[in-house]
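Asks: What follows is start09.csv; its format and atoms are CSV, C-alpha atoms.
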chain,number,residue,atom,x,y,z
A,49,MET,CA,-70.9,-19.2,175.3
A,50,LYS,CA,-70.0,-21.8,172.6
A,51,GLU,CA,-67.3,-23.3,174.9
A,52,LEU,CA,-70.0,-23.6,177.7
A,53,TYR,CA,-72.4,-25.5,175.4
A,54,ARG,CA,-69.5,-27.6,174.1
A,55,LYS,CA,-68.3,-28.6,177.5
A,56,LEU,CA,-71.8,-29.3,178.8
A,57,PHE,CA,-72.3,-31.5,175.8
A,58,HIS,CA,-68.9,-33.1,176.5
A,59,ILE,CA,-69.8,-33.9,180.1
A,60,THR,CA,-73.3,-35.2,179.2
A,61,PHE,CA,-72.0,-37.3,176.3
A,62,GLY,CA,-69.2,-38.7,178.5
A,63,ALA,CA,-71.6,-39.6,181.3
A,64,ILE,CA,-74.0,-41.3,178.8
A,65,ILE,CA,-71.1,-43.3,177.2
A,66,ALA,CA,-69.7,-44.3,180.6
A,67,GLY,CA,-73.2,-45.4,181.8
A,68,GLY,CA,-73.8,-47.3,178.6
A,69,ILE,CA,-70.5,-49.1,178.9
A,70,TRP,CA,-71.2,-49.9,182.6
A,71,VAL,CA,-74.6,-51.5,181.5
A,72,LEU,CA,-73.4,-53.2,178.4
A,73,GLY,CA,-70.0,-54.5,179.5
A,74,ARG,CA,-66.7,-54.5,177.6
A,75,ASP,CA,-67.5,-56.5,174.5
A,76,ASP,CA,-71.0,-55.1,173.7
A,77,GLY,CA,-69.8,-51.6,174.8
A,78,LEU,CA,-66.9,-51.8,172.3
A,79,ALA,CA,-69.3,-53.0,169.6
A,80,ALA,CA,-71.6,-50.1,170.2
A,81,LEU,CA,-68.7,-47.6,170.1
A,82,PHE,CA,-67.6,-49.2,166.8
A,83,VAL,CA,-71.0,-48.6,165.3
A,84,ALA,CA,-70.8,-45.0,166.5
A,85,LEU,CA,-67.3,-44.7,165.0
A,86,ILE,CA,-68.6,-45.9,161.6
A,87,ALA,CA,-71.5,-43.5,161.8
A,88,GLY,CA,-69.2,-40.7,162.8
A,89,LEU,CA,-66.8,-41.2,159.9
A,90,VAL,CA,-69.6,-41.4,157.4
A,91,LEU,CA,-71.2,-38.2,158.8
A,92,ILE,CA,-67.9,-36.3,158.7
A,93,GLN,CA,-67.3,-37.4,155.1
A,94,TRP,CA,-70.8,-36.4,154.2
A,95,LYS,CA,-70.3,-32.9,155.8
A,96,LEU,CA,-66.9,-32.5,154.0
A,97,SER,CA,-68.6,-33.3,150.7
A,98,GLY,CA,-70.6,-30.1,151.2
A,99,PHE,CA,-74.0,-31.4,152.3
A,100,GLU,CA,-76.1,-29.6,154.8
A,101,GLU,CA,-78.6,-30.9,157.3
A,102,LYS,CA,-80.4,-28.6,159.7
A,103,VAL,CA,-80.1,-30.7,162.9
A,104,ILE,CA,-76.4,-31.6,162.5
A,105,ASP,CA,-75.6,-28.0,161.4
A,106,PHE,CA,-77.3,-26.6,164.5
A,107,PHE,CA,-75.2,-28.8,166.8
A,108,LEU,CA,-72.0,-27.9,164.8
A,109,SER,CA,-72.7,-24.2,164.9
A,110,LYS,CA,-73.4,-24.3,168.6
A,111,MET,CA,-70.6,-26.5,169.8
A,112,GLU,CA,-67.8,-26.9,167.3
A,113,ARG,CA,-64.6,-24.9,167.5
A,114,LYS,CA,-63.2,-23.4,164.3
A,115,VAL,CA,-61.7,-26.6,162.8
A,116,THR,CA,-61.2,-27.9,159.3
A,117,ILE,CA,-63.0,-31.2,160.0
A,118,PRO,CA,-66.6,-30.8,161.2
A,119,GLY,CA,-67.5,-33.0,164.1
A,120,ILE,CA,-63.9,-33.9,164.9
A,121,GLY,CA,-64.3,-33.2,168.6
A,122,ALA,CA,-67.0,-35.8,169.0
A,123,LEU,CA,-65.0,-38.3,166.9
A,124,MET,CA,-62.0,-37.8,169.1
A,125,PHE,CA,-64.1,-38.4,172.2
A,126,LEU,CA,-65.4,-41.6,170.7
A,127,LEU,CA,-61.8,-42.7,169.9
A,128,GLY,CA,-60.8,-41.9,173.5
A,129,ALA,CA,-63.6,-44.0,174.8
A,130,ILE,CA,-62.6,-46.9,172.5
A,131,LEU,CA,-59.0,-46.7,173.6
A,132,ALA,CA,-59.9,-46.5,177.3
A,133,LEU,CA,-62.2,-49.4,177.1
A,134,SER,CA,-59.8,-51.5,175.0
A,135,PHE,CA,-56.7,-51.0,177.0
A,136,SER,CA,-57.9,-50.7,180.6
A,137,LYS,CA,-57.5,-53.7,182.8
A,138,THR,CA,-61.1,-53.8,183.9
A,139,VAL,CA,-64.4,-52.4,182.6
A,140,GLY,CA,-64.9,-50.6,185.9
A,141,PHE,CA,-61.6,-48.8,185.6
A,142,ALA,CA,-62.4,-47.8,182.0
A,143,VAL,CA,-65.7,-46.3,183.2
A,144,VAL,CA,-63.9,-44.3,185.9
A,145,VAL,CA,-61.3,-43.0,183.4
A,146,LEU,CA,-64.1,-41.9,181.1
A,147,LEU,CA,-66.0,-40.2,183.9
A,148,VAL,CA,-62.7,-38.5,185.1
A,149,PHE,CA,-62.1,-37.3,181.6
A,150,ALA,CA,-65.6,-36.1,180.9
A,151,PHE,CA,-66.1,-34.2,184.1
A,152,GLY,CA,-62.5,-33.2,184.7
A,153,ASP,CA,-61.8,-31.9,181.2
A,154,GLY,CA,-65.1,-30.1,181.1
A,155,ALA,CA,-64.6,-28.4,184.5
A,156,SER,CA,-60.9,-27.5,183.7
A,157,THR,CA,-61.9,-25.7,180.5
A,158,LEU,CA,-64.8,-23.8,182.0
A,159,VAL,CA,-62.8,-22.7,185.1
A,160,GLY,CA,-59.5,-22.4,183.3
A,161,MET,CA,-61.0,-19.8,180.8
A,162,LYS,CA,-61.6,-17.5,183.8
A,163,GLY,CA,-58.2,-18.2,185.4
A,164,SER,CA,-55.3,-15.8,185.4
A,165,HIS,CA,-52.4,-17.9,186.9
A,166,ARG,CA,-50.6,-19.5,183.9
A,167,ILE,CA,-48.8,-22.8,184.4
A,168,PHE,CA,-45.1,-22.2,183.9
A,169,TYR,CA,-44.5,-25.1,181.5
A,170,ASN,CA,-47.7,-24.5,179.5
A,171,LYS,CA,-48.7,-21.0,179.0
A,172,ARG,CA,-52.0,-22.0,177.4
A,173,LYS,CA,-53.3,-23.6,180.6
A,174,THR,CA,-53.9,-22.1,184.1
A,175,TRP,CA,-53.5,-23.5,187.6
A,176,GLU,CA,-57.2,-22.9,188.3
A,177,GLY,CA,-58.1,-25.1,185.4
A,178,SER,CA,-55.8,-27.9,186.5
A,179,LEU,CA,-57.1,-27.7,190.1
A,180,ALA,CA,-60.7,-27.8,188.8
A,181,PHE,CA,-59.8,-30.9,186.9
A,182,PHE,CA,-58.4,-32.6,190.0
A,183,PHE,CA,-61.2,-31.7,192.4
A,184,THR,CA,-64.1,-32.4,190.0
A,185,ALA,CA,-62.6,-35.6,188.8
A,186,SER,CA,-61.8,-36.7,192.3
A,187,ALA,CA,-65.4,-36.0,193.5
A,188,VAL,CA,-66.8,-38.2,190.7
A,189,SER,CA,-64.3,-41.1,190.9
A,190,VAL,CA,-63.8,-41.4,194.6
A,191,PHE,CA,-67.1,-43.3,194.9
A,192,PHE,CA,-65.8,-46.0,192.5
A,193,LEU,CA,-62.1,-46.3,193.5
A,194,GLY,CA,-61.8,-44.9,197.0
A,195,PRO,CA,-58.5,-43.1,197.9
A,196,THR,CA,-56.8,-44.6,194.7
A,197,ALA,CA,-59.0,-42.1,192.8
A,198,LEU,CA,-57.0,-39.2,194.2
A,199,VAL,CA,-53.7,-40.6,192.8
A,200,LEU,CA,-55.4,-41.3,189.5
A,201,CYS,CA,-56.9,-37.8,189.2
A,202,PHE,CA,-53.6,-36.1,190.3
A,203,ILE,CA,-51.6,-37.9,187.6
A,204,LEU,CA,-54.3,-37.3,184.9
A,205,ALA,CA,-54.5,-33.6,185.9
A,206,ILE,CA,-50.7,-33.3,185.3
A,207,VAL,CA,-51.0,-35.2,182.0
A,208,GLU,CA,-53.8,-32.8,180.9
A,209,SER,CA,-51.7,-29.8,181.7
A,210,LEU,CA,-48.6,-30.9,179.7
A,211,PRO,CA,-47.9,-29.2,176.4
A,212,ILE,CA,-48.4,-32.3,174.3
A,213,PRO,CA,-49.3,-31.7,170.6
A,214,PHE,CA,-51.9,-34.5,170.5
A,215,ASP,CA,-55.6,-34.2,171.4
A,216,ASP,CA,-56.2,-34.6,175.1
A,217,ASN,CA,-58.9,-37.2,174.3
A,218,PHE,CA,-56.0,-39.6,173.5
A,219,THR,CA,-53.5,-38.5,176.1
A,220,ILE,CA,-55.8,-38.7,179.1
A,221,THR,CA,-57.6,-41.9,178.2
A,222,LEU,CA,-54.4,-43.7,177.3
A,223,ALA,CA,-52.7,-42.5,180.4
A,224,GLY,CA,-55.7,-43.6,182.4
A,225,ALA,CA,-55.7,-47.0,180.7
A,226,ALA,CA,-52.0,-47.4,181.5
A,227,LEU,CA,-52.6,-46.5,185.1
A,228,SER,CA,-55.1,-49.3,185.4
A,229,TYR,CA,-52.2,-51.8,185.3
A,230,ILE,CA,-50.2,-49.9,188.0
A,231,LEU,CA,-52.8,-48.7,190.5
B,285,MET,CA,-64.1,-61.9,151.8
B,286,SER,CA,-62.4,-65.2,152.5
B,287,LEU,CA,-59.3,-63.9,150.8
B,288,VAL,CA,-59.2,-61.0,153.1
B,289,ALA,CA,-60.2,-62.8,156.2
B,290,GLY,CA,-57.9,-65.8,155.7
B,291,ALA,CA,-54.9,-63.7,155.2
B,292,SER,CA,-51.8,-64.9,157.1
B,293,SER,CA,-49.2,-62.5,158.3
B,294,ALA,CA,-47.4,-62.8,154.9
B,295,ASP,CA,-50.6,-61.9,153.1
B,296,LEU,CA,-51.1,-58.9,155.4
B,297,TYR,CA,-48.0,-57.3,153.8
B,298,LEU,CA,-49.5,-58.0,150.3
B,299,VAL,CA,-52.8,-56.3,151.2
B,300,LEU,CA,-50.8,-53.5,152.9
B,301,ALA,CA,-48.7,-52.9,149.8
B,302,CYS,CA,-51.8,-52.9,147.5
B,303,LEU,CA,-53.5,-50.4,149.8
B,304,GLY,CA,-50.4,-48.3,150.1
B,305,PHE,CA,-50.0,-48.2,146.3
B,306,ALA,CA,-53.7,-47.1,146.0
B,307,ALA,CA,-53.1,-44.5,148.7
B,308,LEU,CA,-50.1,-43.1,146.8
B,309,LEU,CA,-52.3,-42.6,143.8
B,310,PHE,CA,-55.4,-41.2,145.5
B,311,CYS,CA,-54.8,-39.9,149.0
B,312,HIS,CA,-53.9,-36.3,149.5
B,313,ASN,CA,-52.2,-36.9,152.9
B,314,ARG,CA,-50.0,-39.8,152.3
B,315,LYS,CA,-47.2,-38.6,154.6
B,316,ALA,CA,-49.5,-39.0,157.6
B,317,ILE,CA,-50.7,-42.4,156.4
B,318,PHE,CA,-47.2,-43.7,156.1
B,319,LEU,CA,-46.2,-42.3,159.5
B,320,ALA,CA,-49.3,-44.0,161.0
B,321,LEU,CA,-48.3,-47.3,159.4
B,322,LEU,CA,-44.7,-46.9,160.8
B,323,LEU,CA,-46.2,-46.2,164.3
B,324,ALA,CA,-48.6,-49.2,164.0
B,325,THR,CA,-45.8,-51.7,163.1
B,326,PRO,CA,-44.3,-51.8,166.6
B,327,SER,CA,-47.3,-50.6,168.6
B,328,ILE,CA,-49.8,-53.3,167.6
B,329,PRO,CA,-47.6,-56.3,168.6
B,330,LEU,CA,-46.6,-54.5,171.8
B,331,LEU,CA,-50.2,-53.9,172.7
B,332,LYS,CA,-51.1,-57.5,171.8
B,333,ASN,CA,-48.4,-58.8,174.2
B,334,ALA,CA,-49.4,-56.4,176.9
B,335,ILE,CA,-53.1,-57.1,176.9
B,336,ASN,CA,-52.7,-60.8,176.0
B,337,GLU,CA,-56.3,-61.6,175.2
B,338,ASP,CA,-57.1,-64.9,173.4
B,339,ARG,CA,-58.6,-65.0,170.0
B,340,PRO,CA,-62.0,-66.7,169.7
B,341,CYS,CA,-60.6,-69.1,167.0
B,342,GLU,CA,-64.0,-70.4,165.9
B,343,GLY,CA,-64.6,-71.8,162.3
B,344,TRP,CA,-62.1,-73.3,160.0
B,345,LEU,CA,-59.5,-70.5,159.9
B,346,THR,CA,-56.0,-71.6,161.1
B,347,CYS,CA,-55.7,-69.6,164.2
B,348,PRO,CA,-52.6,-67.4,164.6
B,349,ASP,CA,-50.4,-67.9,167.6
B,350,ASP,CA,-50.3,-64.4,168.9
B,351,SER,CA,-52.9,-62.6,171.1
B,352,GLY,CA,-56.0,-61.0,169.5
B,353,MET,CA,-56.4,-57.6,171.1
B,354,PRO,CA,-56.3,-55.3,169.1
B,355,SER,CA,-56.9,-56.5,165.5
B,356,GLY,CA,-53.9,-55.5,163.4
B,357,HIS,CA,-55.8,-56.0,160.1
B,358,SER,CA,-58.6,-53.6,161.1
B,359,ALA,CA,-56.1,-51.1,162.5
B,360,ILE,CA,-54.2,-50.9,159.3
B,361,ALA,CA,-57.4,-50.8,157.2
B,362,PHE,CA,-58.8,-48.0,159.2
B,363,ILE,CA,-55.6,-45.9,159.0
B,364,PHE,CA,-56.3,-45.8,155.3
B,365,ALA,CA,-60.0,-45.0,155.8
B,366,ALA,CA,-59.2,-42.1,158.2
B,367,GLY,CA,-56.5,-40.9,155.8
B,368,SER,CA,-58.9,-40.7,152.9
B,369,LEU,CA,-61.5,-38.6,154.8
B,370,GLY,CA,-62.6,-35.7,152.8
B,371,SER,CA,-61.6,-37.2,149.4
B,372,PRO,CA,-63.6,-39.5,147.0
B,373,SER,CA,-61.2,-42.3,147.7
B,374,PHE,CA,-62.9,-42.6,151.2
B,375,TRP,CA,-65.7,-44.4,149.4
B,376,PHE,CA,-63.2,-47.1,148.4
B,377,PHE,CA,-61.1,-47.3,151.6
B,378,PHE,CA,-64.0,-47.1,154.1
B,379,PRO,CA,-66.0,-50.1,152.7
B,380,ALA,CA,-62.7,-52.0,152.3
B,381,ALA,CA,-61.9,-51.4,156.0
B,382,LEU,CA,-65.4,-52.6,157.0
B,383,VAL,CA,-64.9,-55.7,154.9
B,384,VAL,CA,-61.5,-56.4,156.5
B,385,GLY,CA,-62.9,-55.8,160.0
B,386,PHE,CA,-66.1,-57.8,159.7
B,387,SER,CA,-64.5,-60.7,157.8
B,388,ARG,CA,-62.0,-61.1,160.6
B,389,GLU,CA,-64.8,-61.4,163.0
B,390,TYR,CA,-66.9,-63.6,160.6
B,391,TRP,CA,-64.1,-66.2,160.3
B,392,GLY,CA,-63.3,-66.3,164.0
B,393,ALA,CA,-59.9,-64.7,163.9
B,394,HIS,CA,-61.0,-61.9,166.2
B,395,SER,CA,-64.0,-61.0,168.4
B,396,MET,CA,-66.0,-57.9,167.5
B,397,ALA,CA,-64.5,-56.1,170.5
B,398,GLN,CA,-61.0,-56.8,169.1
B,399,VAL,CA,-62.0,-55.5,165.7
B,400,ALA,CA,-63.5,-52.4,167.2
B,401,SER,CA,-60.4,-51.8,169.3
B,402,GLY,CA,-58.2,-52.2,166.2
B,403,ALA,CA,-60.4,-49.8,164.2
B,404,GLY,CA,-60.3,-47.2,167.0
B,405,LEU,CA,-56.5,-47.6,167.3
B,406,GLY,CA,-56.0,-47.2,163.5
B,407,VAL,CA,-58.1,-44.0,163.3
B,408,ALA,CA,-56.4,-42.6,166.4
B,409,LEU,CA,-52.9,-43.4,165.0
B,410,PHE,CA,-53.7,-41.5,161.8
B,411,PHE,CA,-54.7,-38.4,163.7
B,412,ILE,CA,-51.7,-38.7,166.1
B,413,SER,CA,-49.4,-38.9,163.0
B,414,GLU,CA,-51.0,-36.0,161.4
B,415,GLU,CA,-50.6,-33.9,164.5
B,416,LEU,CA,-47.0,-35.0,164.8
B,417,LEU,CA,-46.2,-34.0,161.3
B,418,ILE,CA,-47.9,-30.6,161.7
B,419,TYR,CA,-46.1,-30.1,165.0
B,420,PHE,CA,-42.7,-30.7,163.3
B,421,GLY,CA,-43.6,-28.6,160.3
B,422,ALA,CA,-43.6,-31.5,157.8
B,423,ILE,CA,-47.1,-30.7,156.6
B,424,LYS,CA,-49.5,-27.8,157.0
B,425,ARG,CA,-52.9,-28.1,158.7
B,426,ARG,CA,-55.1,-29.2,155.9
B,427,THR,CA,-58.3,-27.9,154.5
B,428,HIS,CA,-59.9,-30.7,152.6
B,429,TRP,CA,-60.0,-30.5,148.9
B,430,LYS,CA,-63.7,-30.6,148.7
B,431,VAL,CA,-64.1,-27.8,151.1
B,432,LYS,CA,-61.4,-25.9,149.3
B,433,ARG,CA,-63.2,-26.4,146.0
B,434,PHE,CA,-66.5,-25.2,147.6
B,435,VAL,CA,-64.9,-22.1,149.0
B,436,LYS,CA,-63.1,-21.4,145.7
B,437,LYS,CA,-66.5,-21.7,143.8
B,438,ARG,CA,-68.2,-19.4,146.3
B,439,ILE,CA,-65.4,-16.8,146.0
B,440,LEU,CA,-65.7,-16.9,142.2
B,441,ALA,CA,-69.4,-16.5,142.5
B,442,MET,CA,-69.0,-13.5,144.7
B,443,ARG,CA,-66.5,-11.9,142.3
B,444,LYS,CA,-68.9,-12.5,139.4
B,445,ALA,CA,-71.7,-10.9,141.4
B,446,LYS,CA,-69.4,-7.9,142.2
B,447,LYS,CA,-68.6,-7.5,138.5
B,448,ALA,CA,-72.2,-7.5,137.6
B,449,GLY,CA,-72.6,-4.4,139.7
B,450,ASN,CA,-75.6,-4.8,141.9
B,451,LYS,CA,-74.8,-7.5,144.6
B,452,LEU,CA,-78.4,-8.3,145.4
B,453,ASP,CA,-79.7,-8.6,141.9
B,454,ALA,CA,-76.8,-10.5,140.5
B,455,PRO,CA,-77.9,-14.0,139.3
B,456,ALA,CA,-75.0,-15.8,141.0
B,457,MET,CA,-75.6,-14.1,144.3
B,458,GLN,CA,-78.4,-15.9,146.2
B,459,SER,CA,-77.3,-15.1,149.7
B,460,SER,CA,-77.4,-17.9,152.2
B,461,LYS,CA,-77.6,-17.7,156.0
B,462,ALA,CA,-73.9,-17.8,156.4
B,463,GLY,CA,-73.5,-14.8,154.2
B,464,TRP,CA,-71.9,-16.8,151.4
B,465,PRO,CA,-73.6,-16.8,148.0
B,466,LYS,CA,-75.0,-20.2,147.1
B,467,VAL,CA,-73.4,-22.0,144.3
B,468,ARG,CA,-75.3,-24.1,141.9
B,469,ARG,CA,-74.0,-27.7,142.0
B,470,ARG,CA,-73.5,-29.6,138.8
Give the structure from this file in structure tokens form.
Replies:
Amino acid sequence: MKELYRKLFHITFGAIIAGGIWVLGRDDGLAALFVALIAGLVLIQWKLSGFEEKVIDFFLSKMERKVTIPGIGALMFLLGAILALSFSKTVGFAVVVLLVFAFGDGASTLVGMKGSHRIFYNKRKTWEGSLAFFFTASAVSVFFLGPTALVLCFILAIVESLPIPFDDNFTITLAGAALSYIL
Amino acid sequence: MSLVAGASSADLYLVLACLGFAALLFCHNRKAIFLALLLATPSIPLLKNAINEDRPCEGWLTCPDDSGMPSGHSAIAFIFAAGSLGSPSFWFFFPAALVVGFSREYWGAHSMAQVASGAGLGVALFFISEELLIYFGAIKRRTHWKVKRFVKKRILAMRKAKKAGNKLDAPAMQSSKAGWPKVRRR
């Protein structure tokens, strides 16, 4: 249940950030994300110092995995958004990468948890999850990029399934930003 | 502020050395910070060349020749800010990182977007370095010292309550929602 809340928040949060960037543009979007990053770092430090606040604690108890740093998931998402927007060739492509990441990653986790066919190079992920990533992300991004979106989503689905030790917020957004120079 | 903002590439190393020395004294995860700095050294110039975005170059600062995206100063400053998360030294490194970032924008060396990008890159590099070190077994996944101290205090309070005999009536045991006894803060 926690994972469901978490991923629904992930998708909503991602869609809001992508929409905000689309409206604000690159420079103002990055400035807004910078403010959010500053607020996020202060909030994490505040929580690590042992302080309690009902609203924040409610969100953390409903959505946070068992991690040592409270709110690290949201911070990673923000960092991913900053990296995608900074290093993509155009704002439009950065928005698409964020949408692909938000919807694709959310769908892959929700479907992958129920899946039973493990990927041979990464036993922690399932084929069902990766296929859910590809189809959901393609359905969202095809309106913006056309057929190119299929190639983008295919490569990002492979990247998402790889057994890389880093957070997928970094790997997917950076791979998406790199693909903006190729596709 | 002008000292920090007007720093040339040579001054950057001086600031870096000072921050590094301070980090050695205060930060509990210095290995990850140094690996992040090592990763930042080639990656920032590479990204600057790849993106090739001009600096605003307004004001009286002598404009550096290289591209502006992302800001190297803010990236390095935010590596230290992220590395000190969970320790009191955060309240030194975080404002210092903000001063570095905003002063670069104030004196026209970078735009706000370039500073934001540098800050994001710095924090990301720190977490990537930490994950790398954990993956290769160089460090263990940390529990922050403050959290550790809190947990330790609570365990001590529980033991004290157990010794007192009656768990519910013991003075140290005022049960909270999470099931942990509350600890009186000094």
Asks: Using only C-alpha atoms, find the one residue out of A:Phe125, A:Tyr169, A:Tyr229, A:Phe214 that sits nearest to Thr60 of chain A.
Replies: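 Among the listed residues, the smallest separation from Thr60 of chain A belongs to A:Phe125.
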Asks: Which residues are close to Ser327 of chain B, i.e. within 12 Å by only C-alpha atoms, leaving aside same-chain residues fewer than 2 positions away? Reply as a PyMOL selection string.
Replies: chain B and resi 320-325+329-334+353-356+359-360+402+405-406+409
Asks: Give as a ChimeraX atom specification every residue of chain A that touches chain B within 7 Å, counting only C-alpha atoms.
Replies: /A:75,78-79,82,93,96-98,116,127,130-131,134,213-214
Asks: Quick check, in Å to one decimal: how far apart do atom CA of Pro348 of chain B and atom CA of Ala393 of chain B lie?
Replies: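 Those two atoms sit 7.8 Å apart.
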Asks: State, in Å with one decimal place, the distance from atom CA of Phe151 of chain A to atom CA of Leu91 of chain A.
Replies: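 Distance between the two atoms: 26.1 Å.
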Asks: So the first atom is atom CA of Ala185 of chain A and the second is atom CA of Ile59 of chain A; what is the distance between them in Å, to one decimal place?
Replies: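 Between atom CA of Ala185 of chain A and atom CA of Ile59 of chain A the gap is 11.4 Å.
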Asks: Neighbours of segment 136-143 of chain A within 7 Å (only C-alpha atoms; same-chain residues fewer than 6 positions away dropped), as a PDB file with C-alpha atoms, in the frame of the given file?
Replies:
ATOM      1  CA  ALA A  66     -69.700 -44.300 180.600  1.00  0.00           C
ATOM      2  CA  TRP A  70     -71.200 -49.900 182.600  1.00  0.00           C
ATOM      3  CA  GLY A  73     -70.000 -54.500 179.500  1.00  0.00           C
ATOM      4  CA  ARG A  74     -66.700 -54.500 177.600  1.00  0.00           C
ATOM      5  CA  ALA A 225     -55.700 -47.000 180.700  1.00  0.00           C
ATOM      6  CA  ALA A 226     -52.000 -47.400 181.500  1.00  0.00           C
ATOM      7  CA  SER A 228     -55.100 -49.300 185.400  1.00  0.00           C
ATOM      8  CA  TYR A 229     -52.200 -51.800 185.300  1.00  0.00           C
TER       9      TYR A 229
END
Asks: Excluding Val144 of chain A and residues on its chain fewer than 6 positions from it, collect all residues at most 12 Å away from it, counting all atoms listed in the file, and give them as a compact mmCIF listing (two decimals) with C-alpha atoms, in the frame of the given file.
Replies:
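Printed below is selection.txt as written:
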# COMPACT_ATOMS: atom_id res chain seq x y z
CA GLY A 62 -69.20 -38.70 178.50
CA ALA A 63 -71.60 -39.60 181.30
CA ILE A 65 -71.10 -43.30 177.20
CA ALA A 66 -69.70 -44.30 180.60
CA GLY A 67 -73.20 -45.40 181.80
CA ILE A 69 -70.50 -49.10 178.90
CA TRP A 70 -71.20 -49.90 182.60
CA ALA A 129 -63.60 -44.00 174.80
CA ALA A 132 -59.90 -46.50 177.30
CA LEU A 133 -62.20 -49.40 177.10
CA SER A 136 -57.90 -50.70 180.60
CA LYS A 137 -57.50 -53.70 182.80
CA THR A 138 -61.10 -53.80 183.90
CA ALA A 150 -65.60 -36.10 180.90
CA PHE A 151 -66.10 -34.20 184.10
CA GLY A 152 -62.50 -33.20 184.70
CA ALA A 185 -62.60 -35.60 188.80
CA SER A 186 -61.80 -36.70 192.30
CA ALA A 187 -65.40 -36.00 193.50
CA VAL A 188 -66.80 -38.20 190.70
CA SER A 189 -64.30 -41.10 190.90
CA VAL A 190 -63.80 -41.40 194.60
CA PHE A 191 -67.10 -43.30 194.90
CA PHE A 192 -65.80 -46.00 192.50
CA LEU A 193 -62.10 -46.30 193.50
CA GLY A 194 -61.80 -44.90 197.00
CA THR A 196 -56.80 -44.60 194.70
CA ALA A 197 -59.00 -42.10 192.80
CA LEU A 198 -57.00 -39.20 194.20
CA LEU A 200 -55.40 -41.30 189.50
CA CYS A 201 -56.90 -37.80 189.20
CA LEU A 204 -54.30 -37.30 184.90
CA ILE A 220 -55.80 -38.70 179.10
CA THR A 221 -57.60 -41.90 178.20
CA GLY A 224 -55.70 -43.60 182.40
CA ALA A 225 -55.70 -47.00 180.70
CA LEU A 227 -52.60 -46.50 185.10
CA SER A 228 -55.10 -49.30 185.40
Asks: Looking at A:Ala223, A:Leu89, A:Ile117, A:Ile167, which one is nearest to Leu146 of chain A, with distances taken over all atoms listed in the file?
Replies: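 The shortest atom-to-atom distance to Leu146 of chain A comes from A:Ala223.
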Asks: Could you name the residues that touch Ala205 of chain A at 10 Å or less, counting only C-alpha atoms, but leaving out those on the same chain fewer than 2 positions away, as a PDB file with C-alpha atoms, keeping the file's coordinate frame?
Replies:
ATOM      1  CA  VAL A 148     -62.700 -38.500 185.100  1.00  0.00           C
ATOM      2  CA  PHE A 149     -62.100 -37.300 181.600  1.00  0.00           C
ATOM      3  CA  GLY A 152     -62.500 -33.200 184.700  1.00  0.00           C
ATOM      4  CA  ASP A 153     -61.800 -31.900 181.200  1.00  0.00           C
ATOM      5  CA  SER A 156     -60.900 -27.500 183.700  1.00  0.00           C
ATOM      6  CA  GLY A 177     -58.100 -25.100 185.400  1.00  0.00           C
ATOM      7  CA  SER A 178     -55.800 -27.900 186.500  1.00  0.00           C
ATOM      8  CA  LEU A 179     -57.100 -27.700 190.100  1.00  0.00           C
ATOM      9  CA  ALA A 180     -60.700 -27.800 188.800  1.00  0.00           C
ATOM     10  CA  PHE A 181     -59.800 -30.900 186.900  1.00  0.00           C
ATOM     11  CA  PHE A 182     -58.400 -32.600 190.000  1.00  0.00           C
ATOM     12  CA  PHE A 183     -61.200 -31.700 192.400  1.00  0.00           C
ATOM     13  CA  ALA A 185     -62.600 -35.600 188.800  1.00  0.00           C
ATOM     14  CA  VAL A 199     -53.700 -40.600 192.800  1.00  0.00           C
ATOM     15  CA  LEU A 200     -55.400 -41.300 189.500  1.00  0.00           C
ATOM     16  CA  CYS A 201     -56.900 -37.800 189.200  1.00  0.00           C
ATOM     17  CA  PHE A 202     -53.600 -36.100 190.300  1.00  0.00           C
ATOM     18  CA  ILE A 203     -51.600 -37.900 187.600  1.00  0.00           C
ATOM     19  CA  VAL A 207     -51.000 -35.200 182.000  1.00  0.00           C
ATOM     20  CA  GLU A 208     -53.800 -32.800 180.900  1.00  0.00           C
ATOM     21  CA  SER A 209     -51.700 -29.800 181.700  1.00  0.00           C
ATOM     22  CA  LEU A 210     -48.600 -30.900 179.700  1.00  0.00           C
ATOM     23  CA  ILE A 220     -55.800 -38.700 179.100  1.00  0.00           C
TER      24      ILE A 220
END
